[in-house]
>>> print(open('target12.cif').read())   # mmCIF, C-alpha atoms
data_input
loop_
_atom_site.label_atom_id
_atom_site.label_comp_id
_atom_site.auth_asym_id
_atom_site.auth_seq_id
_atom_site.Cartn_x
_atom_site.Cartn_y
_atom_site.Cartn_z
CA MET A 21 0.74 -6.88 -9.46
CA THR A 22 -2.94 -6.10 -9.83
CA GLU A 23 -4.18 -3.71 -12.51
CA ALA A 24 -5.20 -1.25 -9.76
CA GLY A 25 -1.71 -1.42 -8.25
CA PHE A 26 -0.13 -0.80 -11.65
CA LEU A 27 -2.39 2.20 -12.30
CA ASN A 28 -1.57 3.62 -8.86
CA LYS A 29 2.16 3.46 -9.69
CA VAL A 30 1.61 5.12 -13.09
CA CYS A 31 -0.47 7.90 -11.52
CA ALA A 32 2.19 8.45 -8.86
CA ILE A 33 4.79 9.02 -11.58
CA MET A 34 2.61 11.52 -13.45
CA SER A 35 1.63 13.69 -10.46
CA LYS A 36 1.80 13.61 -6.71
CA PRO A 37 -0.79 14.10 -3.98
CA VAL A 38 -0.48 16.99 -1.55
CA THR A 39 -0.77 14.62 1.41
CA GLU A 40 -0.99 10.91 2.11
CA ILE A 41 -2.18 9.47 5.41
CA GLU A 42 -2.85 5.99 6.73
CA ALA A 43 -5.64 4.67 8.94
CA VAL A 44 -6.70 1.27 10.23
CA VAL A 45 -10.37 0.26 10.21
CA ARG A 46 -11.61 -0.05 13.81
CA PRO A 47 -14.14 -2.67 14.97
CA GLU A 48 -16.62 0.02 16.07
CA TRP A 49 -16.72 1.35 12.48
CA ILE A 50 -18.18 -1.89 11.08
CA ASP A 51 -21.89 -2.05 10.23
CA SER A 52 -24.40 -4.93 10.22
CA ASN A 53 -23.21 -5.97 6.74
CA GLY A 54 -19.74 -6.69 8.09
CA HIS A 55 -17.95 -3.86 6.31
CA LEU A 56 -17.05 -0.23 6.99
CA ASN A 57 -20.17 1.84 7.63
CA LEU A 58 -20.58 4.67 5.13
CA ALA A 59 -20.34 7.29 7.88
CA TYR A 60 -16.85 6.10 8.80
CA TYR A 61 -15.57 6.45 5.25
CA VAL A 62 -16.41 10.12 5.78
CA VAL A 63 -14.58 10.11 9.14
CA VAL A 64 -11.44 8.74 7.48
CA PHE A 65 -11.75 11.24 4.63
CA ASP A 66 -12.16 14.01 7.22
CA LEU A 67 -8.85 12.98 8.82
CA ALA A 68 -7.32 13.34 5.35
CA THR A 69 -8.93 16.79 5.00
CA ASP A 70 -7.30 17.88 8.27
CA ALA A 71 -3.90 16.75 6.96
CA LEU A 72 -4.50 18.52 3.63
CA TYR A 73 -5.54 21.77 5.31
CA ASN A 74 -2.47 21.66 7.57
CA ALA A 75 -0.20 21.08 4.55
CA LEU A 76 -1.82 24.06 2.77
CA ASN A 77 -1.54 26.24 5.91
CA ILE A 78 -5.32 26.66 6.23
CA GLY A 79 -5.82 24.27 9.16
CA ASP A 80 -6.28 24.85 12.87
CA ALA A 81 -3.28 27.18 13.27
CA TYR A 82 -4.58 29.34 10.39
CA ARG A 83 -8.01 29.57 12.01
CA GLU A 84 -6.47 30.56 15.35
CA THR A 85 -4.26 33.31 13.87
CA SER A 86 -6.51 34.65 11.10
CA GLY A 87 -10.04 34.12 12.41
CA ASN A 88 -10.84 32.37 9.12
CA SER A 89 -11.62 28.74 8.37
CA CYS A 90 -12.92 26.49 5.60
CA PHE A 91 -16.36 24.92 5.64
CA THR A 92 -17.26 22.06 3.33
CA ALA A 93 -20.12 23.07 1.04
CA GLU A 94 -20.47 19.94 -1.08
CA THR A 95 -19.19 16.37 -1.16
CA HIS A 96 -19.55 13.42 -3.50
CA THR A 97 -18.48 10.01 -2.22
CA LEU A 98 -18.14 6.87 -4.33
CA TYR A 99 -17.83 3.47 -2.65
CA GLU A 100 -15.96 1.11 -4.95
CA ARG A 101 -14.78 -1.83 -2.78
CA GLU A 102 -15.59 -3.11 0.66
CA VAL A 103 -13.34 -2.28 3.58
CA HIS A 104 -13.23 -4.57 6.63
CA VAL A 105 -12.10 -4.44 10.23
CA GLY A 106 -8.33 -4.31 10.56
CA ASP A 107 -7.76 -3.22 6.94
CA ARG A 108 -4.94 -0.72 6.64
CA LEU A 109 -5.95 2.19 4.42
CA ARG A 110 -3.94 4.79 2.55
CA ILE A 111 -5.66 8.07 1.66
CA ARG A 112 -4.16 10.37 -0.95
CA SER A 113 -5.38 13.95 -1.21
CA TRP A 114 -5.28 15.88 -4.46
CA LEU A 115 -5.67 19.63 -4.87
CA LEU A 116 -7.82 20.23 -7.97
CA GLY A 117 -8.22 23.99 -7.81
CA ALA A 118 -8.72 27.12 -5.76
CA ASP A 119 -10.18 30.54 -6.41
CA THR A 120 -10.56 33.58 -4.18
CA LYS A 121 -13.17 31.93 -1.93
CA ARG A 122 -13.21 28.19 -2.70
CA LEU A 123 -11.03 25.11 -2.51
CA HIS A 124 -11.67 22.02 -4.69
CA TYR A 125 -10.01 18.79 -3.64
CA PHE A 126 -10.27 15.03 -3.97
CA HIS A 127 -9.44 12.09 -1.70
CA GLU A 128 -8.70 8.55 -2.83
CA MET A 129 -8.82 5.66 -0.34
CA PHE A 130 -6.79 2.54 -1.11
CA HIS A 131 -6.28 -0.79 0.61
CA ALA A 132 -2.67 -0.29 1.70
CA GLU A 133 -1.58 -3.87 1.00
CA SER A 134 -3.24 -4.53 -2.39
CA GLY A 135 -3.23 -0.99 -3.73
CA GLU A 136 -6.85 -1.38 -4.83
CA ARG A 137 -8.92 1.78 -4.64
CA SER A 138 -11.89 1.37 -2.32
CA ALA A 139 -13.52 4.81 -2.25
CA VAL A 140 -13.16 8.42 -3.33
CA GLN A 141 -14.53 11.71 -2.10
CA GLU A 142 -14.62 15.01 -3.98
CA LEU A 143 -15.15 18.18 -1.98
CA MET A 144 -15.73 21.90 -2.40
CA ALA A 145 -14.93 24.07 0.60
CA LEU A 146 -15.69 27.75 1.20
CA HIS A 147 -13.39 30.20 2.96
CA ILE A 148 -15.23 31.59 6.00
CA ASP A 149 -14.75 34.63 8.23
CA MET A 150 -15.50 33.03 11.58
CA SER A 151 -16.51 36.34 13.24
CA ILE A 152 -19.53 36.67 10.94
CA ARG A 153 -19.66 33.06 9.67
CA ARG A 154 -19.90 34.16 6.06
CA VAL A 155 -17.90 33.43 2.93
CA THR A 156 -14.97 35.79 2.50
CA PRO A 157 -11.99 35.97 0.12
CA TYR A 158 -8.70 34.45 1.21
CA PRO A 159 -6.18 37.06 2.34
CA ALA A 160 -3.88 37.97 -0.58
CA ALA A 161 -0.86 36.06 0.73
CA GLN A 162 -2.92 32.93 1.43
CA TYR A 163 -4.58 33.12 -1.99
CA ALA A 164 -1.16 33.42 -3.66
CA ALA A 165 0.13 30.42 -1.67
CA LEU A 166 -2.90 28.35 -2.72
CA GLN A 167 -2.37 29.29 -6.37
CA GLU A 168 1.25 28.12 -6.08
CA ALA A 169 0.07 24.88 -4.49
CA VAL A 170 -2.39 24.35 -7.36
CA LYS A 171 0.45 24.85 -9.86
CA GLN A 172 2.61 22.38 -7.95
CA TYR A 173 0.05 19.70 -7.14
CA ALA A 174 -2.92 19.81 -9.52
CA PRO A 175 -2.93 16.52 -11.43
CA ALA A 176 -2.46 16.65 -15.21
CA THR A 177 -5.70 14.71 -15.57
CA LEU A 178 -8.50 14.50 -13.05
CA PRO A 179 -8.53 11.36 -10.91
CA LYS A 180 -11.13 8.80 -11.98
CA GLY A 181 -14.46 9.84 -10.49
CA ALA A 182 -13.71 13.56 -10.12
CA GLY A 183 -16.36 15.82 -11.59
CA ARG A 184 -18.91 13.04 -11.61
CA ARG A 185 -22.53 13.93 -11.02
CA ILE A 186 -25.28 11.80 -9.57
CA ALA A 187 -27.87 10.72 -12.12
CA LEU A 188 -29.75 7.67 -13.30
CA PRO A 189 -28.38 6.16 -16.52
CA GLY A 190 -30.38 7.24 -19.46
#
>>> encode(input="target12.cif", output="structure tokens")
Amino acid sequence: MTEAGFLNKVCAIMSKPVTEIEAVVRPEWIDSNGHLNLAYYVVVFDLATDALYNALNIGDAYRETSGNSCFTAETHTLYEREVHVGDRLRIRSWLLGADTKRLHYFHEMFHAESGERSAVQELMALHIDMSIRRVTPYPAAQYAALQEAVKQYAPATLPKGAGRRIALPG
């Protein structure tokens, strides 16, 4: 077993992601360097966001019934290993926190066969009233449900790469 695979198993014992999805890298996602184009990492992470939002009851059905949605305000993506056409990927989504108007979460992308982590994305989303397209607090019941989800799913320690900022070494 690789070191990455071992660490994945240890992390799975300590805490559990809210959602886990799989995807297969399509030929049309490959760039001129022969690996997954950076834009398609974001596409795969967006599929994971949809699954996370549905699991937290803030997805499409929530938008339709409440008139509210979540807009991504900030993302940080780290590319750690190449991904190639036909690779099967596993994306785990972690809930890091939520307050009255924001949701903080983190995706990890792994090669499904080797268990090696290939990329991560950290995101901050804002809760939006779609009628005025402005930030608004979550309704009380939704906020309470998110706080329970944070208690249930927030990892004991942040995943490697979470909270990182972009800067030159120095």
>>> atom_distance(input="target12.cif", atom1="CA of Asp70 in chain A", atom2="CA of Leu116 in chain A")
16.4 Å
>>> residues_around(input="target12.cif", residues="Tyr73 in chain A", least_positions_apart="3", cutoff="12 Å", atoms="only C-alpha atoms", output="list of chain:residue names")
A:Val38, A:Thr39, A:Asp66, A:Leu67, A:Ala68, A:Thr69, A:Asp70, A:Leu76, A:Asn77, A:Ile78, A:Gly79, A:Asp80, A:Ala81, A:Tyr82, A:Arg83, A:Ser89, A:Cys90, A:Phe91, A:Thr92, A:Ser113, A:Trp114, A:Leu115, A:Leu123, A:His124, A:Tyr125, A:Ala145, A:His147, A:Leu166, A:Ala169
>>> residues_around(input="target12.cif", residues="Val62 in chain A", least_positions_apart="2", cutoff="12 Å", atoms="all atoms listed in the file", output="JSON list (two decimals) with C-alpha atoms, keeping the file's coordinate frame")
[["chain", "number", "residue", "atom", "x", "y", "z"],
["A", 49, "TRP", "CA", -16.72, 1.35, 12.48],
["A", 56, "LEU", "CA", -17.05, -0.23, 6.99],
["A", 57, "ASN", "CA", -20.17, 1.84, 7.63],
["A", 58, "LEU", "CA", -20.58, 4.67, 5.13],
["A", 59, "ALA", "CA", -20.34, 7.29, 7.88],
["A", 60, "TYR", "CA", -16.85, 6.10, 8.80],
["A", 64, "VAL", "CA", -11.44, 8.74, 7.48],
["A", 65, "PHE", "CA", -11.75, 11.24, 4.63],
["A", 66, "ASP", "CA", -12.16, 14.01, 7.22],
["A", 67, "LEU", "CA", -8.85, 12.98, 8.82],
["A", 68, "ALA", "CA", -7.32, 13.34, 5.35],
["A", 69, "THR", "CA", -8.93, 16.79, 5.00],
["A", 95, "THR", "CA", -19.19, 16.37, -1.16],
["A", 96, "HIS", "CA", -19.55, 13.42, -3.50],
["A", 97, "THR", "CA", -18.48, 10.01, -2.22],
["A", 98, "LEU", "CA", -18.14, 6.87, -4.33],
["A", 99, "TYR", "CA", -17.83, 3.47, -2.65],
["A", 111, "ILE", "CA", -5.66, 8.07, 1.66],
["A", 127, "HIS", "CA", -9.44, 12.09, -1.70],
["A", 128, "GLU", "CA", -8.70, 8.55, -2.83],
["A", 129, "MET", "CA", -8.82, 5.66, -0.34],
["A", 139, "ALA", "CA", -13.52, 4.81, -2.25],
["A", 140, "VAL", "CA", -13.16, 8.42, -3.33],
["A", 141, "GLN", "CA", -14.53, 11.71, -2.10],
["A", 142, "GLU", "CA", -14.62, 15.01, -3.98],
["A", 143, "LEU", "CA", -15.15, 18.18, -1.98]]
>>> closest_residue(input="target12.cif", among="A:Lys180, A:Ser35, A:Lys121, A:Arg112", to="Ile148 in chain A", atoms="all atoms listed in the file")
A:Lys121
>>> resolve_selection(input="target12.cif", expression="the PyMOL selection byres ((chain A and resi 109) around 10)", output="ChimeraX atom specification")
/A:41-45,64,103,106-108,110-112,129-138
>>> atom_distance(input="target12.cif", atom1="CA of Ser86 in chain A", atom2="CA of Asp149 in chain A")
8.7 Å
>>> atom_distance(input="target12.cif", atom1="CA of Ala176 in chain A", atom2="CA of Lys36 in chain A")
10.0 Å
>>> closest_residue(input="target12.cif", among="A:Val105, A:Thr177, A:Val63, A:Glu168", to="Arg46 in chain A", atoms="all atoms listed in the file")
A:Val105
>>> residues_near_point(input="target12.cif", point="(-11.1, 37.5, -0.1)", cutoff="10 Å", atoms="all atoms listed in the file", output="PyMOL selection string")
chain A and resi 119-122+147-149+155-160+162-163
>>> closest_residue(input="target12.cif", among="A:Asn53, A:Asn74, A:Gln167, A:Gln172", to="Ala118 in chain A", atoms="only C-alpha atoms")
A:Gln167
>>> closest_residue(input="target12.cif", among="A:Ala93, A:Leu188, A:His104, A:Thr85", to="Pro47 in chain A", atoms="only C-alpha atoms")
A:His104
>>> closest_residue(input="target12.cif", among="A:Ala174, A:Gly117, A:Asn88, A:Glu102", to="Gly54 in chain A", atoms="all atoms listed in the file")
A:Glu102
>>> closest_residue(input="target12.cif", among="A:Pro189, A:Gly183, A:His55, A:Ser151", to="Arg101 in chain A", atoms="all atoms listed in the file")
A:His55
